[in-house]
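Asker: model.tsv is reproduced in full below (TSV, C-alpha atoms).
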```
chain	number	residue	atom	x	y	z
E	23	MET	CA	-0.64	11.81	-21.05
E	24	LEU	CA	-1.99	11.96	-17.52
E	25	TRP	CA	-4.95	9.79	-18.41
E	26	ALA	CA	-2.81	7.35	-20.37
E	27	GLY	CA	-0.59	6.86	-17.32
E	28	LEU	CA	-3.64	6.51	-15.12
E	29	LEU	CA	-5.10	3.82	-17.40
E	30	VAL	CA	-1.79	1.94	-17.46
E	31	ALA	CA	-1.62	2.07	-13.65
E	32	ALA	CA	-5.20	0.85	-13.32
E	33	ALA	CA	-4.68	-1.94	-15.85
E	34	SER	CA	-1.48	-3.08	-14.10
E	35	CYS	CA	-3.08	-3.12	-10.66
E	36	TYR	CA	-6.09	-5.07	-11.90
E	37	GLY	CA	-3.94	-7.36	-14.06
E	38	LEU	CA	-1.82	-8.34	-11.07
E	39	LYS	CA	-4.92	-9.34	-9.13
E	40	LEU	CA	-6.30	-11.37	-12.03
E	41	ALA	CA	-2.94	-13.01	-12.69
E	42	GLY	CA	-2.75	-14.19	-9.10
E	43	LEU	CA	-6.21	-15.74	-9.34
E	44	SER	CA	-5.95	-17.36	-12.75
E	45	LEU	CA	-2.38	-18.44	-13.41
E	46	PRO	CA	-0.94	-21.65	-11.97
E	47	GLN	CA	2.15	-19.86	-10.70
E	48	ALA	CA	4.53	-22.40	-9.29
E	49	TRP	CA	7.31	-19.81	-9.30
E	50	LEU	CA	5.39	-17.68	-6.83
E	51	GLN	CA	5.96	-20.46	-4.31
E	52	ASP	CA	9.70	-19.69	-4.33
E	53	PRO	CA	10.36	-18.37	-0.80
E	54	ARG	CA	12.71	-15.67	-2.06
E	55	ILE	CA	10.08	-14.31	-4.47
E	56	GLN	CA	7.45	-14.48	-1.74
E	57	ARG	CA	9.71	-12.52	0.57
E	58	THR	CA	10.51	-9.93	-2.10
E	59	VAL	CA	6.86	-9.37	-2.94
E	60	GLN	CA	6.11	-9.01	0.75
E	61	LEU	CA	8.94	-6.54	1.34
E	62	LEU	CA	8.05	-4.31	-1.64
E	63	PRO	CA	5.03	-2.61	-0.03
E	64	VAL	CA	6.97	-2.24	3.23
E	65	ALA	CA	9.83	-0.43	1.49
E	66	LEU	CA	7.61	1.69	-0.77
E	67	LEU	CA	5.33	2.79	2.07
E	68	ALA	CA	8.35	3.71	4.21
E	69	ALA	CA	9.88	5.66	1.31
E	70	LEU	CA	6.57	7.46	0.68
E	71	ILE	CA	6.30	8.43	4.35
E	72	ALA	CA	9.87	9.76	4.39
E	73	THR	CA	9.63	11.76	1.16
E	74	GLN	CA	6.19	13.23	1.83
E	75	THR	CA	7.07	14.24	5.39
E	76	PHE	CA	10.59	15.62	5.00
E	77	SER	CA	10.58	17.32	1.61
E	78	THR	CA	9.02	20.11	-0.40
E	79	GLY	CA	9.79	19.71	-4.08
E	80	HIS	CA	13.47	18.84	-4.21
E	81	ARG	CA	14.38	20.41	-0.86
E	82	LEU	CA	14.64	18.47	2.37
E	83	VAL	CA	12.71	20.30	5.08
E	84	LEU	CA	11.83	19.74	8.70
E	85	ASP	CA	8.45	21.32	9.53
E	86	VAL	CA	5.17	20.61	11.32
E	87	ARG	CA	4.65	17.51	9.18
E	88	ALA	CA	7.39	15.76	11.18
E	89	ALA	CA	5.49	16.44	14.40
E	90	ALA	CA	2.29	15.27	12.71
E	91	LEU	CA	3.97	12.00	11.76
E	92	GLY	CA	5.16	11.59	15.36
E	93	VAL	CA	1.62	12.00	16.68
E	94	ALA	CA	0.34	9.56	14.05
E	95	ALA	CA	2.98	7.05	15.20
E	96	ILE	CA	1.79	7.38	18.79
E	97	ALA	CA	-1.78	6.80	17.60
E	98	VAL	CA	-0.63	3.66	15.76
E	99	LEU	CA	1.14	2.40	18.89
E	100	LEU	CA	-2.06	2.98	20.86
E	101	ARG	CA	-3.84	0.79	18.28
E	102	ALA	CA	-6.08	3.63	17.15
E	103	PRO	CA	-8.29	2.86	14.12
E	104	PHE	CA	-7.11	3.93	10.65
E	105	LEU	CA	-9.22	7.09	10.41
E	106	ALA	CA	-8.18	8.21	13.90
E	107	VAL	CA	-4.50	7.89	12.93
E	108	VAL	CA	-5.03	10.00	9.80
E	109	ALA	CA	-7.11	12.58	11.69
E	110	ALA	CA	-4.50	12.81	14.47
E	111	GLY	CA	-1.77	13.54	11.91
E	112	ALA	CA	-3.80	16.16	10.05
E	113	ALA	CA	-5.06	17.84	13.25
E	114	THR	CA	-1.50	18.09	14.64
E	115	ALA	CA	-0.26	19.87	11.50
E	116	ALA	CA	-3.29	22.17	11.44
E	117	LEU	CA	-2.96	23.13	15.13
E	118	LEU	CA	0.79	23.75	14.97
E	119	ARG	CA	0.28	26.05	11.98
E	120	LEU	CA	-2.22	28.08	14.02
E	121	LEU	CA	0.40	28.79	16.70
T	13	MET	CA	-7.92	0.86	-9.98
T	14	PHE	CA	-9.25	-0.30	-6.62
T	15	THR	CA	-6.30	-0.76	-4.27
T	16	GLY	CA	-5.82	1.90	-1.64
T	17	ALA	CA	-2.06	2.10	-1.18
T	18	SER	CA	-1.50	2.21	-4.96
T	19	GLN	CA	-4.10	4.96	-5.39
T	20	PHE	CA	-2.51	7.10	-2.67
T	21	ALA	CA	0.96	6.50	-4.10
T	22	LEU	CA	-0.03	7.47	-7.66
T	23	VAL	CA	-1.61	10.71	-6.48
T	24	GLY	CA	1.33	11.35	-4.16
T	25	VAL	CA	3.95	11.05	-6.91
T	26	ILE	CA	1.98	13.24	-9.34
T	27	GLY	CA	1.22	15.74	-6.58
T	28	ALA	CA	4.94	16.02	-5.79
T	29	GLY	CA	5.56	16.98	-9.42
T	30	GLY	CA	6.66	13.53	-10.60
T	31	SER	CA	5.79	12.04	-13.98
T	32	VAL	CA	2.60	10.03	-14.24
T	33	TRP	CA	4.69	7.07	-15.43
T	34	ALA	CA	6.81	7.06	-12.26
T	35	GLY	CA	3.54	7.18	-10.34
T	36	ALA	CA	2.05	4.34	-12.38
T	37	ALA	CA	5.14	2.17	-11.83
T	38	THR	CA	5.00	2.79	-8.08
T	39	ALA	CA	1.29	1.95	-8.00
T	40	ALA	CA	1.88	-1.30	-9.89
T	41	LEU	CA	4.77	-2.31	-7.62
T	42	LEU	CA	2.61	-1.69	-4.55
T	43	GLY	CA	-0.04	-3.89	-6.19
T	44	THR	CA	2.23	-6.93	-6.60
T	45	ARG	CA	1.15	-8.25	-3.21
T	46	ASN	CA	-2.38	-8.69	-4.59
T	47	ALA	CA	-1.04	-11.34	-7.00
T	48	LEU	CA	0.14	-13.36	-4.00
T	49	TYR	CA	-3.25	-12.94	-2.34
T	50	GLY	CA	-4.81	-14.22	-5.56
T	51	VAL	CA	-2.64	-17.35	-5.54
T	52	ARG	CA	-3.80	-18.03	-2.00
T	53	LEU	CA	-7.47	-17.39	-2.85
T	54	SER	CA	-7.76	-19.12	-6.22
T	55	SER	CA	-8.32	-22.65	-4.87
T	56	LEU	CA	-10.86	-21.26	-2.44
T	57	LEU	CA	-12.92	-19.22	-4.87
T	58	GLY	CA	-12.72	-21.58	-7.82
T	59	GLY	CA	-14.62	-20.10	-10.70
T	60	ARG	CA	-13.36	-19.15	-14.13
T	61	GLY	CA	-14.04	-16.56	-16.76
T	62	LEU	CA	-16.41	-13.76	-15.79
T	63	LYS	CA	-16.74	-14.75	-12.16
T	64	SER	CA	-13.01	-14.89	-11.73
T	65	ALA	CA	-12.63	-11.52	-13.49
T	66	LEU	CA	-15.12	-9.99	-11.04
T	67	ALA	CA	-13.51	-11.68	-8.04
T	68	ALA	CA	-10.12	-10.27	-9.07
T	69	HIS	CA	-11.44	-6.75	-8.57
T	70	PHE	CA	-12.19	-7.55	-4.93
T	71	VAL	CA	-8.81	-9.10	-4.09
T	72	LEU	CA	-7.68	-6.79	-1.26
T	73	ASP	CA	-5.80	-6.90	2.01
T	74	GLU	CA	-9.15	-6.87	3.81
T	75	SER	CA	-11.06	-9.47	1.78
T	76	THR	CA	-8.08	-11.86	1.82
T	77	ALA	CA	-7.64	-11.46	5.56
T	78	MET	CA	-11.33	-12.10	6.23
T	79	ALA	CA	-11.47	-15.09	3.84
T	80	ILE	CA	-8.45	-16.98	5.17
T	81	ALA	CA	-9.54	-16.45	8.78
T	82	ARG	CA	-12.63	-18.71	8.28
T	83	ASP	CA	-12.65	-22.44	8.97
T	84	SER	CA	-14.89	-23.71	6.19
T	85	GLU	CA	-14.81	-22.99	2.46
T	86	PRO	CA	-18.39	-21.65	2.17
T	87	ASP	CA	-17.69	-19.28	5.08
T	88	SER	CA	-14.48	-18.18	3.42
T	89	ARG	CA	-16.21	-17.49	0.11
T	90	TYR	CA	-18.96	-15.55	1.88
T	91	ALA	CA	-16.39	-13.54	3.85
T	92	PHE	CA	-14.45	-12.73	0.69
T	93	TRP	CA	-17.43	-11.46	-1.30
T	94	ALA	CA	-19.10	-9.65	1.61
T	95	THR	CA	-15.88	-7.87	2.60
T	96	GLY	CA	-14.96	-7.09	-1.01
T	97	VAL	CA	-18.34	-5.59	-1.88
T	98	ALA	CA	-18.61	-3.66	1.40
T	99	VAL	CA	-15.15	-2.13	1.11
T	100	PHE	CA	-15.66	-1.40	-2.60
T	101	THR	CA	-18.90	0.47	-1.95
T	102	LEU	CA	-17.76	2.49	1.05
T	103	TRP	CA	-14.29	3.20	-0.33
T	104	ASN	CA	-15.59	4.64	-3.59
T	105	LEU	CA	-18.38	6.51	-1.83
T	106	GLY	CA	-15.77	8.10	0.43
T	107	THR	CA	-13.56	8.88	-2.56
T	108	ALA	CA	-16.43	10.59	-4.37
T	109	ILE	CA	-17.31	12.67	-1.30
T	110	GLY	CA	-13.67	13.65	-0.94
T	111	ALA	CA	-13.38	14.63	-4.60
T	112	LEU	CA	-16.49	16.81	-4.38
T	113	ALA	CA	-15.52	18.31	-1.03
T	114	THR	CA	-12.11	19.57	-2.22
T	115	HIS	CA	-13.88	22.30	-4.17
T	116	ALA	CA	-15.09	23.71	-0.86
T	117	LEU	CA	-11.55	23.94	0.52
T	118	SER	CA	-9.47	26.99	-0.34
T	119	ASN	CA	-6.21	25.86	1.28
T	120	PRO	CA	-5.89	22.21	2.32
T	121	LYS	CA	-2.82	23.09	4.41
T	122	VAL	CA	-4.98	24.95	6.94
T	123	LEU	CA	-6.65	21.64	7.79
T	124	GLY	CA	-3.30	19.86	7.85
T	125	LEU	CA	-4.35	17.71	4.90
T	126	ASP	CA	-0.78	17.56	3.58
T	127	ALA	CA	0.11	15.65	6.74
T	128	ALA	CA	-2.74	13.16	6.23
T	129	PRO	CA	-1.18	10.91	3.53
T	130	PRO	CA	2.01	10.12	5.51
T	131	ALA	CA	-0.18	9.29	8.52
T	132	ALA	CA	-2.30	7.02	6.31
T	133	PHE	CA	0.82	5.32	4.89
T	134	LEU	CA	2.10	4.81	8.43
T	135	ALA	CA	-1.15	3.12	9.43
T	136	LEU	CA	-0.84	0.86	6.37
T	137	LEU	CA	2.80	0.10	7.11
T	138	ALA	CA	2.64	-0.56	10.86
T	139	PRO	CA	0.98	-4.02	10.76
T	140	ARG	CA	3.67	-5.21	8.30
T	141	LEU	CA	6.52	-4.43	10.70
T	142	ARG	CA	6.14	-7.32	13.12
T	143	ALA	CA	9.58	-8.81	12.43
T	144	ARG	CA	13.14	-7.51	12.34
T	145	GLU	CA	13.64	-7.93	8.59
T	146	PRO	CA	10.75	-5.70	7.42
T	147	MET	CA	11.73	-3.10	10.02
T	148	ALA	CA	15.29	-2.96	8.71
T	149	ILE	CA	14.03	-2.74	5.12
T	150	ALA	CA	11.58	0.07	6.02
T	151	LEU	CA	14.34	2.09	7.70
T	152	LEU	CA	16.76	1.52	4.82
T	153	ALA	CA	14.08	2.45	2.26
T	154	ALA	CA	13.25	5.71	4.05
T	155	VAL	CA	16.92	6.72	4.25
T	156	VAL	CA	17.67	5.82	0.62
T	157	ALA	CA	14.60	7.72	-0.62
T	158	ILE	CA	15.60	10.85	1.33
T	159	VAL	CA	19.23	10.67	0.17
T	160	PHE	CA	18.27	10.48	-3.52
T	161	LEU	CA	15.36	12.94	-3.37
T	162	PRO	CA	17.30	16.21	-3.96
T	163	PHE	CA	19.09	14.83	-7.03
T	164	VAL	CA	16.54	12.93	-9.13
T	165	PRO	CA	13.07	13.76	-10.57
T	166	ALA	CA	10.08	13.35	-8.24
T	167	GLY	CA	8.88	9.77	-7.97
T	168	ILE	CA	12.23	8.28	-8.99
T	169	PRO	CA	13.44	7.74	-5.37
T	170	LEU	CA	10.56	5.27	-4.97
T	171	LEU	CA	11.63	3.30	-8.03
T	172	ILE	CA	15.24	3.23	-6.79
T	173	VAL	CA	13.96	1.86	-3.48
T	174	ALA	CA	11.88	-0.77	-5.30
T	175	ALA	CA	14.87	-1.91	-7.38
T	176	MET	CA	16.96	-2.10	-4.23
T	177	VAL	CA	14.39	-4.29	-2.47
T	178	VAL	CA	14.12	-6.66	-5.44
T	179	VAL	CA	17.91	-7.09	-5.49
T	180	ILE	CA	18.08	-7.60	-1.71
T	181	GLY	CA	15.06	-9.89	-1.58
T	182	LEU	CA	16.25	-12.17	-4.37
T	183	SER	CA	19.95	-12.27	-3.48
T	184	LEU	CA	19.74	-12.98	0.24
T	185	PRO	CA	19.63	-16.67	1.12
T	186	ALA	CA	16.15	-18.19	1.21
T	187	PRO	CA	14.27	-17.56	4.46
T	188	ARG	CA	15.11	-20.09	7.15
T	189	GLY	CA	12.67	-22.80	8.15
T	190	GLY	CA	12.17	-21.37	11.62
T	191	GLN	CA	10.91	-18.10	10.21
T	192	PRO	CA	8.45	-18.93	7.44
T	193	VAL	CA	7.46	-16.09	5.15
T	194	ARG	CA	3.70	-16.19	5.03
T	195	ALA	CA	3.49	-13.90	2.07
T	196	ALA	CA	-0.13	-14.61	1.25
T	197	ASP	CA	-1.27	-13.73	4.76
T	198	PRO	CA	-2.06	-10.06	5.07
T	199	PRO	CA	-1.93	-8.67	8.58
T	200	VAL	CA	-5.28	-9.89	9.85
T	201	GLY	CA	-7.52	-7.27	11.37
T	202	SER	CA	-5.24	-4.43	10.38
T	203	PRO	CA	-6.68	-1.13	9.23
T	204	THR	CA	-5.17	-1.44	5.80
T	205	LYS	CA	-7.47	0.62	3.66
```
When written as structure tokens, how does the structure in this file appear?
Answerer:
Amino acid sequence: MLWAGLLVAAASCYGLKLAGLSLPQAWLQDPRIQRTVQLLPVALLAALIATQTFSTGHRLVLDVRAAALGVAAIAVLLRAPFLAVVAAGAATAALLRLL
Amino acid sequence: MFTGASQFALVGVIGAGGSVWAGAATAALLGTRNALYGVRLSSLLGGRGLKSALAAHFVLDESTAMAIARDSEPDSRYAFWATGVAVFTLWNLGTAIGALATHALSNPKVLGLDAAPPAAFLALLAPRLRAREPMAIALLAAVVAIVFLPFVPAGIPLLIVAAMVVVIGLSLPAPRGGQPVRAADPPVGSPTK
């Protein structure tokens, strides 16, 4: 089951790339579709950040991960490189748990 | 599957106890932007059949950004393939090291590794927030996901958010002329992987 889902996910992700390259997709030029496709990753990434920071299972929680996200946000604002942002978030959570 | 945000999302949904199918759907939805990149790149790369099938694998935020930033077509093609192959090699090398290294870790929480994915998602999200509309959508999506989370199976809040965005995106009036949606342009120079 797990592997079947994984294969479907991989096939979909690759299929979307190939479709973009090989199909003459006039409908993709529609500005509303372009906007929707552009907004999807924005919304999904924001939802992933919110759920993975403020929940454990089905419970909403406020713990060191919120502080870690705050530090990561500061790193982003300071234009830190990708790995530095991730490391700043992880290090903040690790240090706060030591206290 | 070689598309960072989708990979993280799939693992995230399964890790949170969600079904693999909810994870797969989220991964595919995050991958829709690659189809737009492909539309933008297809005239540039030309090619059919095998070559096109190989090129598709390297359609990424990074390779698209590097390719469309060049002035001439040969430069663009070179930038696309060089970036694609470089990211592919290093990304999968890093993934393999990470997969092997987890066996050496007894409790990932001690290293704060549970806080790493949200930080990574934030770094992926930030370059996409340069206008008011995406900012509003991001805020709305975060709130909606949190509101639904206690009541539905893991992974489902993401699909609710996706459905919401599709409805909003398609029902709002078309973007005005003064604010063109450059959907095929990834945020150039952003640390997106």
Asker: Give me the residues within 7 Å of region 54-70 of chain E as a list of chain:residue names, counting all atoms listed in the file and dropping any in the same chain fewer than 3 places off.
Answerer: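 In the requested format, the answer is E:Leu50, E:Gln51, E:Thr73, E:Gln74, T:Leu42, T:Thr44, T:Arg45, T:Phe133, T:Leu137, T:Arg140, T:Pro146, T:Ile149, T:Ala150, T:Ala153, T:Ala154, T:Ala157, T:Leu170, T:Val173, T:Ala174, T:Val177, T:Val178, T:Gly181, T:Leu182, T:Ala186, T:Pro187, T:Val193, T:Ala195.
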Asker: Can you write out the residues you just picked, keeping C-alpha atoms, as a JSON list (two decimals), in the frame of the given file?
Answerer:
```json
[["chain", "number", "residue", "atom", "x", "y", "z"],
["E", 50, "LEU", "CA", 5.39, -17.68, -6.83],
["E", 51, "GLN", "CA", 5.96, -20.46, -4.31],
["E", 73, "THR", "CA", 9.63, 11.76, 1.16],
["E", 74, "GLN", "CA", 6.19, 13.23, 1.83],
["T", 42, "LEU", "CA", 2.61, -1.69, -4.55],
["T", 44, "THR", "CA", 2.23, -6.93, -6.60],
["T", 45, "ARG", "CA", 1.15, -8.25, -3.21],
["T", 133, "PHE", "CA", 0.82, 5.32, 4.89],
["T", 137, "LEU", "CA", 2.80, 0.10, 7.11],
["T", 140, "ARG", "CA", 3.67, -5.21, 8.30],
["T", 146, "PRO", "CA", 10.75, -5.70, 7.42],
["T", 149, "ILE", "CA", 14.03, -2.74, 5.12],
["T", 150, "ALA", "CA", 11.58, 0.07, 6.02],
["T", 153, "ALA", "CA", 14.08, 2.45, 2.26],
["T", 154, "ALA", "CA", 13.25, 5.71, 4.05],
["T", 157, "ALA", "CA", 14.60, 7.72, -0.62],
["T", 170, "LEU", "CA", 10.56, 5.27, -4.97],
["T", 173, "VAL", "CA", 13.96, 1.86, -3.48],
["T", 174, "ALA", "CA", 11.88, -0.77, -5.30],
["T", 177, "VAL", "CA", 14.39, -4.29, -2.47],
["T", 178, "VAL", "CA", 14.12, -6.66, -5.44],
["T", 181, "GLY", "CA", 15.06, -9.89, -1.58],
["T", 182, "LEU", "CA", 16.25, -12.17, -4.37],
["T", 186, "ALA", "CA", 16.15, -18.19, 1.21],
["T", 187, "PRO", "CA", 14.27, -17.56, 4.46],
["T", 193, "VAL", "CA", 7.46, -16.09, 5.15],
["T", 195, "ALA", "CA", 3.49, -13.90, 2.07]]
```
Asker: Counting only C-alpha atoms, which of T:Ala113, T:Val179, T:Ala127, T:Ala67 gets nearest to chain E?
Answerer: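 Checking each candidate against chain E, we get T:Ala127 as the closest.
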Asker: Go ahead and find all residues with at least one atom no further than 12 Å from (-11.8, -14.2, -15.0) in the file's coordinates, using all atoms listed in the file; report them as JSON, numbers by chain.
Answerer: {"E": [36, 37, 39, 40, 41, 42, 43, 44, 45], "T": [50, 54, 57, 58, 59, 60, 61, 62, 63, 64, 65, 66, 67, 68, 69]}
Asker: Each residue of region 123-181 of chain T lying at most 12 Å from region 86-108 of chain E should get a row with its shortest atom-to-atom pair and the distance in Å to one decimal, counting only C-alpha atoms; could you produce that, ordered by chain and increasing number, as CSV?
Answerer:
```
residue,atom,partner,partner_atom,distance
T:Leu123,CA,E:Val108,CA,11.9
T:Gly124,CA,E:Arg87,CA,8.4
T:Leu125,CA,E:Val108,CA,9.2
T:Asp126,CA,E:Arg87,CA,7.8
T:Ala127,CA,E:Arg87,CA,5.5
T:Ala128,CA,E:Val108,CA,5.3
T:Pro129,CA,E:Val108,CA,7.4
T:Pro130,CA,E:Leu91,CA,6.8
T:Ala131,CA,E:Val108,CA,5.1
T:Ala132,CA,E:Val108,CA,5.3
T:Phe133,CA,E:Val108,CA,9.0
T:Leu134,CA,E:Ala95,CA,7.2
T:Ala135,CA,E:Phe104,CA,6.1
T:Leu136,CA,E:Phe104,CA,8.2
T:Leu137,CA,E:Val98,CA,10.0
T:Ala138,CA,E:Val98,CA,7.2
T:Pro139,CA,E:Val98,CA,9.3
T:Leu141,CA,E:Val98,CA,11.9
```
Asker: May I have the residues from that selection written out with C-alpha atoms, as a compact mmCIF listing (two decimals), keeping the file's coordinate frame?
Answerer:
```
# COMPACT_ATOMS: atom_id res chain seq x y z
CA LEU T 123 -6.65 21.64 7.79
CA GLY T 124 -3.30 19.86 7.85
CA LEU T 125 -4.35 17.71 4.90
CA ASP T 126 -0.78 17.56 3.58
CA ALA T 127 0.11 15.65 6.74
CA ALA T 128 -2.74 13.16 6.23
CA PRO T 129 -1.18 10.91 3.53
CA PRO T 130 2.01 10.12 5.51
CA ALA T 131 -0.18 9.29 8.52
CA ALA T 132 -2.30 7.02 6.31
CA PHE T 133 0.82 5.32 4.89
CA LEU T 134 2.10 4.81 8.43
CA ALA T 135 -1.15 3.12 9.43
CA LEU T 136 -0.84 0.86 6.37
CA LEU T 137 2.80 0.10 7.11
CA ALA T 138 2.64 -0.56 10.86
CA PRO T 139 0.98 -4.02 10.76
CA LEU T 141 6.52 -4.43 10.70
```
Asker: Can you work out the spacing between CA of Ala31 (chain E) and CA of Ala36 (chain T) in Å, to one decimal?
Answerer: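 Between CA of Ala31 (chain E) and CA of Ala36 (chain T) the gap is 4.5 Å.
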Asker: Using only C-alpha atoms for the distances, tell me which of T:Arg142, T:Ala175, T:Gln19, T:Val122 is nearest to chain E.
Answerer: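 The shortest atom-to-atom distance to chain E comes from T:Val122.
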Asker: Just checking: using all atoms listed in the file, which residue out of E:Ala48, E:Val83, E:Leu38, E:Leu120 ends up closest to chain T?
Answerer: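 Checking each candidate against chain T, we get E:Leu38 as the closest.
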Asker: Rounded to one decimal, what separation in Å do you get between CA of Gly29 (chain T) and CA of Pro120 (chain T)?
Answerer: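 That distance, rounded to one decimal, is 17.2 Å.
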Asker: Check the smallest atom-to-atom distance from each of E:Met23, E:Ala112, E:Leu117, E:Leu29 to chain T using only C-alpha atoms, then report the winner.
Answerer: E:Ala112
Asker: For Leu56 (chain T), find every residue with an atom within 8 Å (counting all atoms listed in the file), except residues of its own chain fewer than 6 positions away, and show them as a PyMOL selection string.
Answerer: chain T and resi 85+88-89
Asker: Which of these, E:Asp85, E:Arg119, E:Trp25, E:Ala32, has the shortest distance to chain T once you count all atoms listed in the file?
Answerer: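 Once distances to chain T are computed over all atoms listed in the file, the minimum belongs to E:Ala32.
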Asker: For each of T:Ala91, T:Ala77, T:Val32, T:Ala98, take the minimum atom-to-atom distance to chain E, counting all atoms listed in the file, then give the residue where this is smallest.
Answerer: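 Checking each candidate against chain E, we get T:Val32 as the closest.
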Asker: Output, as lines of an AutoDock Vina configuration file, the centre and edge lengths in Å (one decimal) of the axis-aligned box that contains all listed atoms of region 22-36 of chain T with 3 Å of margin on each side.
Answerer:
```
center_x = 2.6
center_y = 10.7
center_z = -9.8
size_x = 14.4
size_y = 18.6
size_z = 17.3
```
Asker: Please, what distance in Å, to one decimal, runs between CA of Ile26 (chain T) and CA of Gly79 (chain E)?
Answerer: 11.4 Å
Asker: Hey, what's within 12 Å of Thr101 (chain T) if we count all atoms listed in the file and toss same-chain stuff fewer than 6 positions away? As a list in words, please?
Answerer: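 After dropping sequence-adjacent residues, the list is Phe14, Phe70, Ala94, Thr95, Thr107 and Ala108 of chain T.
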Asker: Any chance you can output those residues with C-alpha atoms as a short mmCIF file (atom, residue, chain, number, x, y, z; two decimals), keeping the file's coordinate frame?
Answerer:
```cif
data_model
loop_
_atom_site.label_atom_id
_atom_site.label_comp_id
_atom_site.auth_asym_id
_atom_site.auth_seq_id
_atom_site.Cartn_x
_atom_site.Cartn_y
_atom_site.Cartn_z
CA PHE T 14 -9.25 -0.30 -6.62
CA PHE T 70 -12.19 -7.55 -4.93
CA ALA T 94 -19.10 -9.65 1.61
CA THR T 95 -15.88 -7.87 2.60
CA THR T 107 -13.56 8.88 -2.56
CA ALA T 108 -16.43 10.59 -4.37
#
```
